[in-house]
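Peer 1: Structure incoming, see below.
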Amino acid sequence: MTDIFQFIKGLPKAELHLHIEGSLEPEMMFDMAHRNKVDIPFRTVDDVRSAYNFTNLQDFLDIYYAGANVLIEEEDFRDLAIAYFDRAAQDGVTHAEIFFDPQTHTDRGIPFDVVINGLLAGMAEAKTKHHISSKLILCFLRHLDENAAFKTFKTAEPWFDRIAGVGLDSSEMGHPPAKFARVFSAAGDAGLKRVAHAGEEGPPDYVHQALDLLHIDRLDHGNRALEDAHLMTRLAREAMTLTVCPLSNHKLRVVDDLSDHPLDRMLANGLRATINSDDPAYFGGYIGENYRAVAAARGLSRTVLAALARNSFLGSFLDDEEITENLKKLDSFLKNQ
Ligand code: HPA
Ligand code: ZN
């Protein structure tokens with residue numbers, strides 16, 4: 001019988017909610033600031049870490065966007081992606097669907113091609129080096145307007161065969177999903193998958209809007225759906241995958257204490273919940289640490305942890321054959337425990 005942390009490490013799993021810009025560690029931020037001659041408002045790595053004292057989404061986002069300023073060259077985006085995959089490989093990740101925020105970069109004059117070429121190079125390296133498959137999800141920044149999202153959508157068009165879907169992130173309150181209904185409809189017409197952050201800070205109505213107006217294939221966070229019993233029943237009936245991020249929820253005070261985290265309540269209500277890291281460099285841990293922390297805080301059994309890993313493949317945008325292959329790996333791991 002392996003111990004529970006060994007079990008978590010070995011458990012084959014997919015990560016479905018990871019902002020690649022949120023995996024920028026302070027050390028890498030300093031290296032890139034130096035090599036790109038970008039000023040950052042910190043003197044030491046410890047200064048950076050002590051600035052991570054945010055307790056809500058907006059305060060976090062202000063620091064996250066400032067950190068992203070050091071990303072300039074294609075190799076920066078590649079290095080960022082490779083560092084994430086090196087870390088994910090240690091946590092038993094076999095597949096990752098990663099968010100990127102092109103507007104954060106194009107609005108600073110970094111060409112879209114530089115961003116995506118760098119990320120794709122990192123993803124190709126992850127495949128050969130770690131046998132990790134991956135997909136890209138282009139997120140629109142919801143604090144900007146829908147015209148800006150459309151402009152990004154058009155810029156991305158030549159790359160649609162290398163982008164799995166579109167998402168919606170940044171400041172949730174005051175920026176309801178309805179604001180992006182037309183660009184999400186265009187994305188659906190283009191054959192892209194659709195996901196959206198909803199119900200992290202925003203009310204259950206934002207989750208309704210994401211379902212009814214954005215026609216999402218997956219729900220990012222979704223915690224506040226638990227406040228609406230009808231909505232929970234609907235999410236369960238539709239087998240909607242929720243990409244839940246325990247350490248992020250704790251750091252941004254979506255939950256006051258991890259021991260109150262609703263992850264197992266979601267499962268008990270028939271929701272297809274998964275565990276993810278969101279912005280691991282900012283929230284205190286990668287996917288393995290998210291599994292370990294919530295397992296310890298909630299006393300999750302191996303059966304529950306295995307169900308969460310299974311959900312991560314079922315909720316992925318892999319094709320049926322690839323899902324089956326990953327589930328086989330999971331089952332053979334479980335058989336040997
Ligand atoms: N929520 C919303 N937008 C984000 C996040 C998040 O946790 N991380 C990066 N962009
Ligand atoms: Zn997120």
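If you're wondering about the labels, chains in the structure tokens are A, B, ... by order shown, residues count from 1 in each chain, ligands from 1 in order shown.
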Which residues form the shell of 7 Å around ligand 2 when you count only C-alpha atoms and all ligand atoms, given as a list in words?
Peer 2: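 Counting only what the definition allows, namely only C-alpha atoms and all ligand atoms, the set is His17, Leu18, His19, Asp169, His197, Asp220, Asp278 and Asp279 of chain A.
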Peer 1: Just write the chosen residues, N, CA, C and O atoms, as a compact mmCIF listing (two decimals), in the first residue's frame.
Peer 2:
```
# COMPACT_ATOMS: atom_id res chain seq x y z
N HIS A 17 -7.34 23.53 -16.11
CA HIS A 17 -7.50 24.96 -15.75
C HIS A 17 -6.16 25.48 -15.26
O HIS A 17 -5.83 25.39 -14.07
N LEU A 18 -5.40 26.00 -16.20
CA LEU A 18 -4.04 26.48 -15.92
C LEU A 18 -3.79 27.67 -16.82
O LEU A 18 -3.84 27.55 -18.04
N HIS A 19 -3.58 28.84 -16.21
CA HIS A 19 -3.22 30.04 -16.98
C HIS A 19 -1.71 30.00 -17.12
O HIS A 19 -1.01 30.09 -16.10
N ASP A 169 -11.73 35.05 -19.09
CA ASP A 169 -11.15 35.20 -17.74
C ASP A 169 -10.98 36.67 -17.39
O ASP A 169 -11.54 37.53 -18.05
N HIS A 197 -14.85 31.23 -17.23
CA HIS A 197 -14.83 31.37 -15.78
C HIS A 197 -16.19 31.93 -15.38
O HIS A 197 -16.62 32.96 -15.92
N ASP A 220 -15.42 26.86 -15.79
CA ASP A 220 -14.23 27.10 -14.98
C ASP A 220 -14.62 27.69 -13.62
O ASP A 220 -15.32 28.70 -13.56
N ASP A 278 -4.87 26.54 -11.58
CA ASP A 278 -5.21 27.94 -11.92
C ASP A 278 -3.95 28.76 -12.22
O ASP A 278 -3.56 28.89 -13.37
N ASP A 279 -3.32 29.32 -11.19
CA ASP A 279 -2.11 30.14 -11.35
C ASP A 279 -1.09 29.68 -10.31
O ASP A 279 -0.90 30.33 -9.28
```
Peer 1: Grab me every residue within 9 Å of ligand 1, counting only C-alpha atoms and all ligand atoms, and send it over as a PyMOL selection string.
Peer 2: chain A and resi 18-22+57-58+60-61+64-65+99-101+139+141-142+168-172+197-198+200-201+220-221+245+248-249+252+278-279
Peer 1: Separation of CA of Glu15 in chain A and CA of Ala96 in chain A, in Å?
Peer 2: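 Distance reported for this atom pair: 4.7 Å.
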Peer 1: Check the DSSP output for the backbone and give back, as a ChimeraX atom specification, the residues of range 113-230 of chain A in alpha helix (DSSP H).
Peer 2: /A:113-130,146-156,181-189,204-212,229-230
Peer 1: Need to verify the contact set: Leu226 in chain A, 10 Å, only C-alpha atoms, exclusion of same-chain residues closer than 3 positions in sequence. Can you return it as number ranges by chain?
Peer 2: A: 199, 204, 222-223, 229-233, 262, 265-266, 269
Peer 1: Could you write those residues out with all heavy atoms, as an mmCIF file, in the first residue's frame?
Peer 2:
```
data_model
loop_
_atom_site.group_PDB
_atom_site.id
_atom_site.type_symbol
_atom_site.label_atom_id
_atom_site.label_comp_id
_atom_site.auth_asym_id
_atom_site.auth_seq_id
_atom_site.Cartn_x
_atom_site.Cartn_y
_atom_site.Cartn_z
ATOM 1 N N GLY A 199 -18.961 32.043 -11.713
ATOM 2 C CA GLY A 199 -19.274 31.576 -10.368
ATOM 3 C C GLY A 199 -18.049 31.424 -9.494
ATOM 4 O O GLY A 199 -18.071 30.678 -8.520
ATOM 5 N N PRO A 204 -24.634 32.960 -9.179
ATOM 6 C CA PRO A 204 -25.112 31.824 -9.983
ATOM 7 C C PRO A 204 -25.682 32.256 -11.334
ATOM 8 O O PRO A 204 -25.579 31.517 -12.323
ATOM 9 C CB PRO A 204 -26.203 31.197 -9.104
ATOM 10 C CG PRO A 204 -25.836 31.579 -7.708
ATOM 11 C CD PRO A 204 -25.169 32.922 -7.798
ATOM 12 N N GLY A 222 -17.012 27.708 -10.997
ATOM 13 C CA GLY A 222 -18.407 27.280 -10.811
ATOM 14 C C GLY A 222 -18.810 27.119 -9.359
ATOM 15 O O GLY A 222 -19.925 26.653 -9.069
ATOM 16 N N ASN A 223 -17.933 27.524 -8.425
ATOM 17 C CA ASN A 223 -18.241 27.293 -6.996
ATOM 18 C C ASN A 223 -19.614 27.811 -6.582
ATOM 19 O O ASN A 223 -20.338 27.156 -5.833
ATOM 20 C CB ASN A 223 -17.185 27.971 -6.108
ATOM 21 C CG ASN A 223 -15.805 27.412 -6.326
ATOM 22 O OD1 ASN A 223 -15.337 27.348 -7.460
ATOM 23 N ND2 ASN A 223 -15.158 26.982 -5.262
ATOM 24 N N ALA A 229 -29.941 25.330 -6.221
ATOM 25 C CA ALA A 229 -30.186 23.880 -6.316
ATOM 26 C C ALA A 229 -30.594 23.461 -7.733
ATOM 27 O O ALA A 229 -30.170 22.409 -8.227
ATOM 28 C CB ALA A 229 -31.260 23.472 -5.311
ATOM 29 N N HIS A 230 -31.405 24.290 -8.410
ATOM 30 C CA HIS A 230 -31.828 23.944 -9.772
ATOM 31 C C HIS A 230 -30.637 23.935 -10.729
ATOM 32 O O HIS A 230 -30.532 23.077 -11.606
ATOM 33 C CB HIS A 230 -32.880 24.946 -10.283
ATOM 34 C CG HIS A 230 -34.193 24.785 -9.609
ATOM 35 N ND1 HIS A 230 -34.969 23.647 -9.756
ATOM 36 C CD2 HIS A 230 -34.877 25.597 -8.767
ATOM 37 C CE1 HIS A 230 -36.062 23.777 -9.027
ATOM 38 N NE2 HIS A 230 -36.032 24.953 -8.416
ATOM 39 N N LEU A 231 -29.766 24.899 -10.521
ATOM 40 C CA LEU A 231 -28.568 24.991 -11.368
ATOM 41 C C LEU A 231 -27.678 23.766 -11.170
ATOM 42 O O LEU A 231 -27.176 23.183 -12.138
ATOM 43 C CB LEU A 231 -27.819 26.289 -11.020
ATOM 44 C CG LEU A 231 -26.521 26.575 -11.777
ATOM 45 C CD1 LEU A 231 -26.734 26.555 -13.290
ATOM 46 C CD2 LEU A 231 -25.952 27.927 -11.333
ATOM 47 N N MET A 232 -27.537 23.341 -9.923
ATOM 48 C CA MET A 232 -26.725 22.147 -9.640
ATOM 49 C C MET A 232 -27.308 20.926 -10.329
ATOM 50 O O MET A 232 -26.581 20.126 -10.921
ATOM 51 C CB MET A 232 -26.697 21.907 -8.137
ATOM 52 C CG MET A 232 -25.712 22.793 -7.452
ATOM 53 S SD MET A 232 -24.658 21.807 -6.437
ATOM 54 C CE MET A 232 -25.729 21.621 -5.037
ATOM 55 N N THR A 233 -28.633 20.794 -10.261
ATOM 56 C CA THR A 233 -29.286 19.653 -10.909
ATOM 57 C C THR A 233 -29.029 19.686 -12.408
ATOM 58 O O THR A 233 -28.747 18.668 -13.032
ATOM 59 C CB THR A 233 -30.813 19.699 -10.637
ATOM 60 O OG1 THR A 233 -30.982 19.828 -9.231
ATOM 61 C CG2 THR A 233 -31.521 18.469 -11.150
ATOM 62 N N PRO A 262 -15.855 22.956 -1.029
ATOM 63 C CA PRO A 262 -17.034 22.165 -1.422
ATOM 64 C C PRO A 262 -16.760 21.049 -2.435
ATOM 65 O O PRO A 262 -17.715 20.464 -2.966
ATOM 66 C CB PRO A 262 -17.954 23.224 -2.041
ATOM 67 C CG PRO A 262 -17.027 24.219 -2.632
ATOM 68 C CD PRO A 262 -15.828 24.267 -1.712
ATOM 69 N N ARG A 265 -18.616 17.916 -1.847
ATOM 70 C CA ARG A 265 -20.052 18.164 -1.927
ATOM 71 C C ARG A 265 -20.483 18.234 -3.398
ATOM 72 O O ARG A 265 -21.546 17.766 -3.786
ATOM 73 C CB ARG A 265 -20.398 19.482 -1.213
ATOM 74 C CG ARG A 265 -21.849 19.646 -0.867
ATOM 75 C CD ARG A 265 -22.053 20.455 0.411
ATOM 76 N NE ARG A 265 -21.353 21.730 0.417
ATOM 77 C CZ ARG A 265 -21.897 22.891 0.029
ATOM 78 N NH1 ARG A 265 -23.127 22.939 -0.429
ATOM 79 N NH2 ARG A 265 -21.205 24.001 0.114
ATOM 80 N N MET A 266 -19.639 18.822 -4.231
ATOM 81 C CA MET A 266 -19.927 18.856 -5.671
ATOM 82 C C MET A 266 -20.069 17.428 -6.220
ATOM 83 O O MET A 266 -21.022 17.109 -6.916
ATOM 84 C CB MET A 266 -18.802 19.579 -6.419
ATOM 85 C CG MET A 266 -18.734 21.072 -6.162
ATOM 86 S SD MET A 266 -17.204 21.736 -6.874
ATOM 87 C CE MET A 266 -17.531 23.497 -6.797
ATOM 88 N N ASN A 269 -23.149 15.677 -5.201
ATOM 89 C CA ASN A 269 -24.329 16.162 -5.926
ATOM 90 C C ASN A 269 -24.300 15.786 -7.408
ATOM 91 O O ASN A 269 -25.085 16.319 -8.199
ATOM 92 C CB ASN A 269 -24.453 17.679 -5.776
ATOM 93 C CG ASN A 269 -25.083 18.052 -4.446
ATOM 94 O OD1 ASN A 269 -26.283 17.950 -4.267
ATOM 95 N ND2 ASN A 269 -24.250 18.426 -3.485
#
```
Peer 1: Any idea what's packed within 12 Å of Leu305 in chain A, counting only C-alpha atoms, ignoring anything in its chain fewer than 4 positions away? Could you give it as a JSON list (two decimals) with N, CA, C and O atoms, in the first residue's frame?
Peer 2:
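Everything below was put into out_17.json:
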```json
[["chain", "number", "residue", "atom", "x", "y", "z"],
["A", 4, "ILE", "N", -0.55, 8.06, 0.73],
["A", 4, "ILE", "CA", -1.52, 8.82, -0.07],
["A", 4, "ILE", "C", -0.84, 9.84, -0.99],
["A", 4, "ILE", "O", -1.29, 10.07, -2.13],
["A", 5, "PHE", "N", 0.30, 10.41, -0.53],
["A", 5, "PHE", "CA", 0.98, 11.39, -1.38],
["A", 5, "PHE", "C", 1.65, 10.71, -2.57],
["A", 5, "PHE", "O", 1.68, 11.25, -3.67],
["A", 7, "PHE", "N", 0.46, 8.00, -3.87],
["A", 7, "PHE", "CA", -0.71, 7.65, -4.69],
["A", 7, "PHE", "C", -1.09, 8.84, -5.58],
["A", 7, "PHE", "O", -1.30, 8.69, -6.79],
["A", 8, "ILE", "N", -1.16, 10.03, -5.00],
["A", 8, "ILE", "CA", -1.54, 11.23, -5.75],
["A", 8, "ILE", "C", -0.52, 11.51, -6.85],
["A", 8, "ILE", "O", -0.88, 11.82, -7.99],
["A", 9, "LYS", "N", 0.74, 11.38, -6.53],
["A", 9, "LYS", "CA", 1.79, 11.65, -7.51],
["A", 9, "LYS", "C", 1.70, 10.70, -8.71],
["A", 9, "LYS", "O", 1.85, 11.09, -9.85],
["A", 10, "GLY", "N", 1.42, 9.43, -8.40],
["A", 10, "GLY", "CA", 1.40, 8.44, -9.47],
["A", 10, "GLY", "C", 0.11, 8.42, -10.28],
["A", 10, "GLY", "O", 0.07, 7.87, -11.39],
["A", 11, "LEU", "N", -0.93, 9.01, -9.72],
["A", 11, "LEU", "CA", -2.25, 8.99, -10.36],
["A", 11, "LEU", "C", -2.19, 9.73, -11.71],
["A", 11, "LEU", "O", -1.95, 10.93, -11.73],
["A", 12, "PRO", "N", -2.40, 9.04, -12.83],
["A", 12, "PRO", "CA", -2.43, 9.77, -14.11],
["A", 12, "PRO", "C", -3.59, 10.76, -14.10],
["A", 12, "PRO", "O", -4.70, 10.41, -13.69],
["A", 13, "LYS", "N", -3.31, 11.98, -14.53],
["A", 13, "LYS", "CA", -4.34, 13.03, -14.43],
["A", 13, "LYS", "C", -4.17, 14.04, -15.54],
["A", 13, "LYS", "O", -3.07, 14.20, -16.10],
["A", 263, "LEU", "N", -15.49, 20.73, -2.70],
["A", 263, "LEU", "CA", -15.19, 19.76, -3.75],
["A", 263, "LEU", "C", -15.96, 18.45, -3.61],
["A", 263, "LEU", "O", -16.59, 17.96, -4.55],
["A", 264, "ASP", "N", -15.94, 17.86, -2.42],
["A", 264, "ASP", "CA", -16.61, 16.56, -2.27],
["A", 264, "ASP", "C", -18.13, 16.72, -2.26],
["A", 264, "ASP", "O", -18.86, 15.81, -2.66],
["A", 267, "LEU", "N", -19.10, 16.57, -5.86],
["A", 267, "LEU", "CA", -19.14, 15.18, -6.35],
["A", 267, "LEU", "C", -20.39, 14.47, -5.83],
["A", 267, "LEU", "O", -21.07, 13.76, -6.58],
["A", 273, "ALA", "N", -16.66, 17.23, -11.13],
["A", 273, "ALA", "CA", -15.62, 18.16, -10.67],
["A", 273, "ALA", "C", -14.23, 17.59, -10.94],
["A", 273, "ALA", "O", -14.03, 16.37, -10.96],
["A", 274, "THR", "N", -13.28, 18.51, -11.15],
["A", 274, "THR", "CA", -11.88, 18.14, -11.36],
["A", 274, "THR", "C", -11.00, 19.04, -10.49],
["A", 274, "THR", "O", -11.46, 20.10, -10.05],
["A", 275, "ILE", "N", -9.75, 18.64, -10.28],
["A", 275, "ILE", "CA", -8.81, 19.46, -9.50],
["A", 275, "ILE", "C", -7.75, 20.07, -10.43],
["A", 275, "ILE", "O", -7.19, 19.36, -11.27],
["A", 288, "GLY", "N", -0.35, 18.80, -8.17],
["A", 288, "GLY", "CA", -0.15, 17.79, -7.13],
["A", 288, "GLY", "C", -0.43, 18.37, -5.74],
["A", 288, "GLY", "O", -1.07, 17.73, -4.90],
["A", 290, "ASN", "N", -2.37, 20.86, -5.10],
["A", 290, "ASN", "CA", -3.83, 21.06, -4.97],
["A", 290, "ASN", "C", -4.52, 19.77, -4.55],
["A", 290, "ASN", "O", -5.38, 19.77, -3.67],
["A", 291, "TYR", "N", -4.11, 18.64, -5.15],
["A", 291, "TYR", "CA", -4.67, 17.34, -4.74],
["A", 291, "TYR", "C", -4.35, 17.06, -3.27],
["A", 291, "TYR", "O", -5.21, 16.65, -2.49],
["A", 292, "ARG", "N", -3.06, 17.26, -2.92],
["A", 292, "ARG", "CA", -2.63, 16.91, -1.56],
["A", 292, "ARG", "C", -3.34, 17.78, -0.52],
["A", 292, "ARG", "O", -3.83, 17.28, 0.49],
["A", 293, "ALA", "N", -3.39, 19.09, -0.80],
["A", 293, "ALA", "CA", -3.95, 20.02, 0.19],
["A", 293, "ALA", "C", -5.44, 19.74, 0.41],
["A", 293, "ALA", "O", -5.90, 19.70, 1.56],
["A", 294, "VAL", "N", -6.19, 19.55, -0.65],
["A", 294, "VAL", "CA", -7.62, 19.35, -0.47],
["A", 294, "VAL", "C", -7.90, 17.94, 0.07],
["A", 294, "VAL", "O", -8.84, 17.75, 0.86],
["A", 295, "ALA", "N", -7.06, 16.98, -0.32],
["A", 295, "ALA", "CA", -7.24, 15.61, 0.22],
["A", 295, "ALA", "C", -7.03, 15.63, 1.73],
["A", 295, "ALA", "O", -7.81, 15.02, 2.47],
["A", 296, "ALA", "N", -6.00, 16.36, 2.18],
["A", 296, "ALA", "CA", -5.73, 16.43, 3.63],
["A", 296, "ALA", "C", -6.83, 17.20, 4.35],
["A", 296, "ALA", "O", -7.31, 16.78, 5.40],
["A", 298, "ARG", "N", -9.93, 17.78, 3.51],
["A", 298, "ARG", "CA", -11.27, 17.19, 3.45],
["A", 298, "ARG", "C", -11.26, 15.68, 3.72],
["A", 298, "ARG", "O", -12.32, 15.04, 3.63],
["A", 299, "GLY", "N", -10.11, 15.13, 3.97],
["A", 299, "GLY", "CA", -10.04, 13.68, 4.23],
["A", 299, "GLY", "C", -10.54, 12.85, 3.05],
["A", 299, "GLY", "O", -11.30, 11.89, 3.23],
["A", 300, "LEU", "N", -10.10, 13.20, 1.84],
["A", 300, "LEU", "CA", -10.60, 12.49, 0.66],
["A", 300, "LEU", "C", -9.96, 11.10, 0.55],
["A", 300, "LEU", "O", -8.76, 10.95, 0.76],
["A", 301, "SER", "N", -10.77, 10.13, 0.18],
["A", 301, "SER", "CA", -10.28, 8.76, 0.04],
["A", 301, "SER", "C", -9.60, 8.59, -1.32],
["A", 301, "SER", "O", -9.76, 9.40, -2.23],
["A", 309, "ALA", "N", -9.52, 12.25, -10.86],
["A", 309, "ALA", "CA", -8.59, 12.09, -11.98],
["A", 309, "ALA", "C", -9.35, 11.56, -13.22],
["A", 309, "ALA", "O", -9.13, 12.03, -14.35],
["A", 310, "ARG", "N", -10.27, 10.62, -12.99],
["A", 310, "ARG", "CA", -11.08, 10.09, -14.10],
["A", 310, "ARG", "C", -11.88, 11.23, -14.75],
["A", 310, "ARG", "O", -11.93, 11.36, -15.98],
["A", 311, "ASN", "N", -12.48, 12.08, -13.90],
["A", 311, "ASN", "CA", -13.24, 13.23, -14.42],
["A", 311, "ASN", "C", -12.38, 14.13, -15.29],
["A", 311, "ASN", "O", -12.86, 14.74, -16.26],
["A", 312, "SER", "N", -11.10, 14.26, -14.93],
["A", 312, "SER", "CA", -10.24, 15.17, -15.69],
["A", 312, "SER", "C", -10.06, 14.70, -17.13],
["A", 312, "SER", "O", -9.96, 15.52, -18.04],
["A", 330, "LEU", "N", -4.90, 5.04, -16.22],
["A", 330, "LEU", "CA", -5.42, 5.27, -14.86],
["A", 330, "LEU", "C", -5.82, 3.94, -14.22],
["A", 330, "LEU", "O", -5.45, 3.63, -13.08],
["A", 334, "LEU", "N", -4.33, 2.02, -10.91],
["A", 334, "LEU", "CA", -5.17, 1.70, -9.75],
["A", 334, "LEU", "C", -5.08, 0.21, -9.40],
["A", 334, "LEU", "O", -5.12, -0.16, -8.23]]
```
Peer 1: At a cut-off of 9 Å, can you tabulate as a tab-separated table every residue of range 84-123 of chain A near range 128-137 of chain A together with its closest atom pair and the distance in Å to one decimal, using only C-alpha atoms and ordering rows by chain then number?
Peer 2:
```
residue	atom	partner	partner_atom	distance
A:Phe85	CA	A:Ile132	CA	7.7
A:Asp86	CA	A:His130	CA	7.7
A:Ala88	CA	A:Ile132	CA	8.8
A:Ala89	CA	A:His130	CA	6.4
A:Val93	CA	A:Ile132	CA	7.0
A:Thr94	CA	A:Ile132	CA	4.7
A:His95	CA	A:Ser133	CA	4.7
A:Ala96	CA	A:Ser134	CA	4.7
A:Glu97	CA	A:Lys135	CA	4.6
A:Ile98	CA	A:Leu136	CA	5.1
A:Phe99	CA	A:Ile137	CA	4.7
A:Phe100	CA	A:Ile137	CA	6.4
A:Asp101	CA	A:Ile137	CA	8.9
A:Leu119	CA	A:Leu136	CA	8.6
A:Leu120	CA	A:Leu136	CA	8.4
A:Met123	CA	A:Ser134	CA	6.4
```
Peer 1: Report the residues of range 90-248 of chain A whose backbone DSSP state falls under strand (DSSP E or B), written as a PyMOL selection string.
Peer 2: chain A and resi 93-100+133-141+165-169+193-198+218-221+241-244
Peer 1: Got a sec: who's within 8 Å of range 190-194 of chain A, counting only C-alpha atoms, leaving out chain neighbours fewer than 4 positions off, as a list in words?
Peer 2: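 The residues that qualify are Phe160, Ile163, Ala164, Gly165, Val166, Gly167, Phe184, Ala186, Leu214, His215, Ile216, Asp217 and Arg218 of chain A.
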Peer 1: Can you list, as an mmCIF file with C-alpha atoms, in the first residue's frame, every protein, DNA or RNA residue that comes within 12 Å of Ile110 in chain A when you count only C-alpha atoms, leaving out same-chain residues fewer than 2 positions away?
Peer 2:
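Contents of part36.cif, freshly written:
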```
data_model
loop_
_atom_site.group_PDB
_atom_site.id
_atom_site.type_symbol
_atom_site.label_atom_id
_atom_site.label_comp_id
_atom_site.auth_asym_id
_atom_site.auth_seq_id
_atom_site.Cartn_x
_atom_site.Cartn_y
_atom_site.Cartn_z
ATOM 1 C CA ALA A 68 3.521 39.236 -17.508
ATOM 2 C CA ASN A 69 5.340 42.390 -18.718
ATOM 3 C CA VAL A 70 8.657 40.527 -18.702
ATOM 4 C CA LEU A 71 7.452 38.146 -21.457
ATOM 5 C CA ILE A 72 8.744 39.641 -24.700
ATOM 6 C CA GLU A 73 10.409 37.123 -27.028
ATOM 7 C CA GLU A 74 9.199 33.842 -28.478
ATOM 8 C CA ASP A 76 10.255 33.575 -23.196
ATOM 9 C CA PHE A 77 6.885 31.995 -23.960
ATOM 10 C CA ASP A 101 -4.290 35.626 -22.546
ATOM 11 C CA PRO A 102 -3.171 37.103 -25.894
ATOM 12 C CA GLN A 103 -4.556 40.578 -25.146
ATOM 13 C CA THR A 104 -2.205 40.897 -22.166
ATOM 14 C CA HIS A 105 0.640 40.683 -24.683
ATOM 15 C CA THR A 106 -0.697 42.202 -27.907
ATOM 16 C CA ASP A 107 -1.799 45.314 -25.967
ATOM 17 C CA ARG A 108 1.903 45.761 -25.038
ATOM 18 C CA PHE A 112 0.226 37.312 -31.445
ATOM 19 C CA ASP A 113 2.528 35.059 -33.528
ATOM 20 C CA VAL A 114 5.382 35.486 -31.044
ATOM 21 C CA VAL A 115 3.151 34.387 -28.174
ATOM 22 C CA ILE A 116 1.589 31.373 -29.854
ATOM 23 C CA GLY A 118 6.575 30.181 -28.277
#
```
Peer 1: Could you pull the residues within 9 Å of Ala149 in chain A, counting only C-alpha atoms, minus those fewer than 2 positions along the same chain, as a count of residues only?
Peer 2: 15
Peer 1: What does the structure give for the distance between CA of Pro176 in chain A and CA of Thr243 in chain A, in Å to one decimal?
Peer 2: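 According to the coordinates, CA of Pro176 in chain A and CA of Thr243 in chain A are separated by 18.7 Å.
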Peer 1: Nearest to Ala33 in chain A among A:Val195, A:Gly67, A:Ala268, A:Ala148, with distances taken over only C-alpha atoms: which residue is it?
Peer 2: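 Residue with the minimum atom-to-atom distance to Ala33 in chain A: A:Gly67.
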Peer 1: Select, from A:Gly315, A:Gly285, A:Pro177, A:Gly270, the residue with the minimum atom-to-atom distance to Leu235 in chain A, counting only C-alpha atoms.
Peer 2: A:Gly270
Peer 1: Go ahead and compute the interatomic distance for CA of Ala297 in chain A and CA of Leu258 in chain A, in Å to one decimal.
Peer 2: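 CA of Ala297 in chain A sits 5.9 Å away from CA of Leu258 in chain A.
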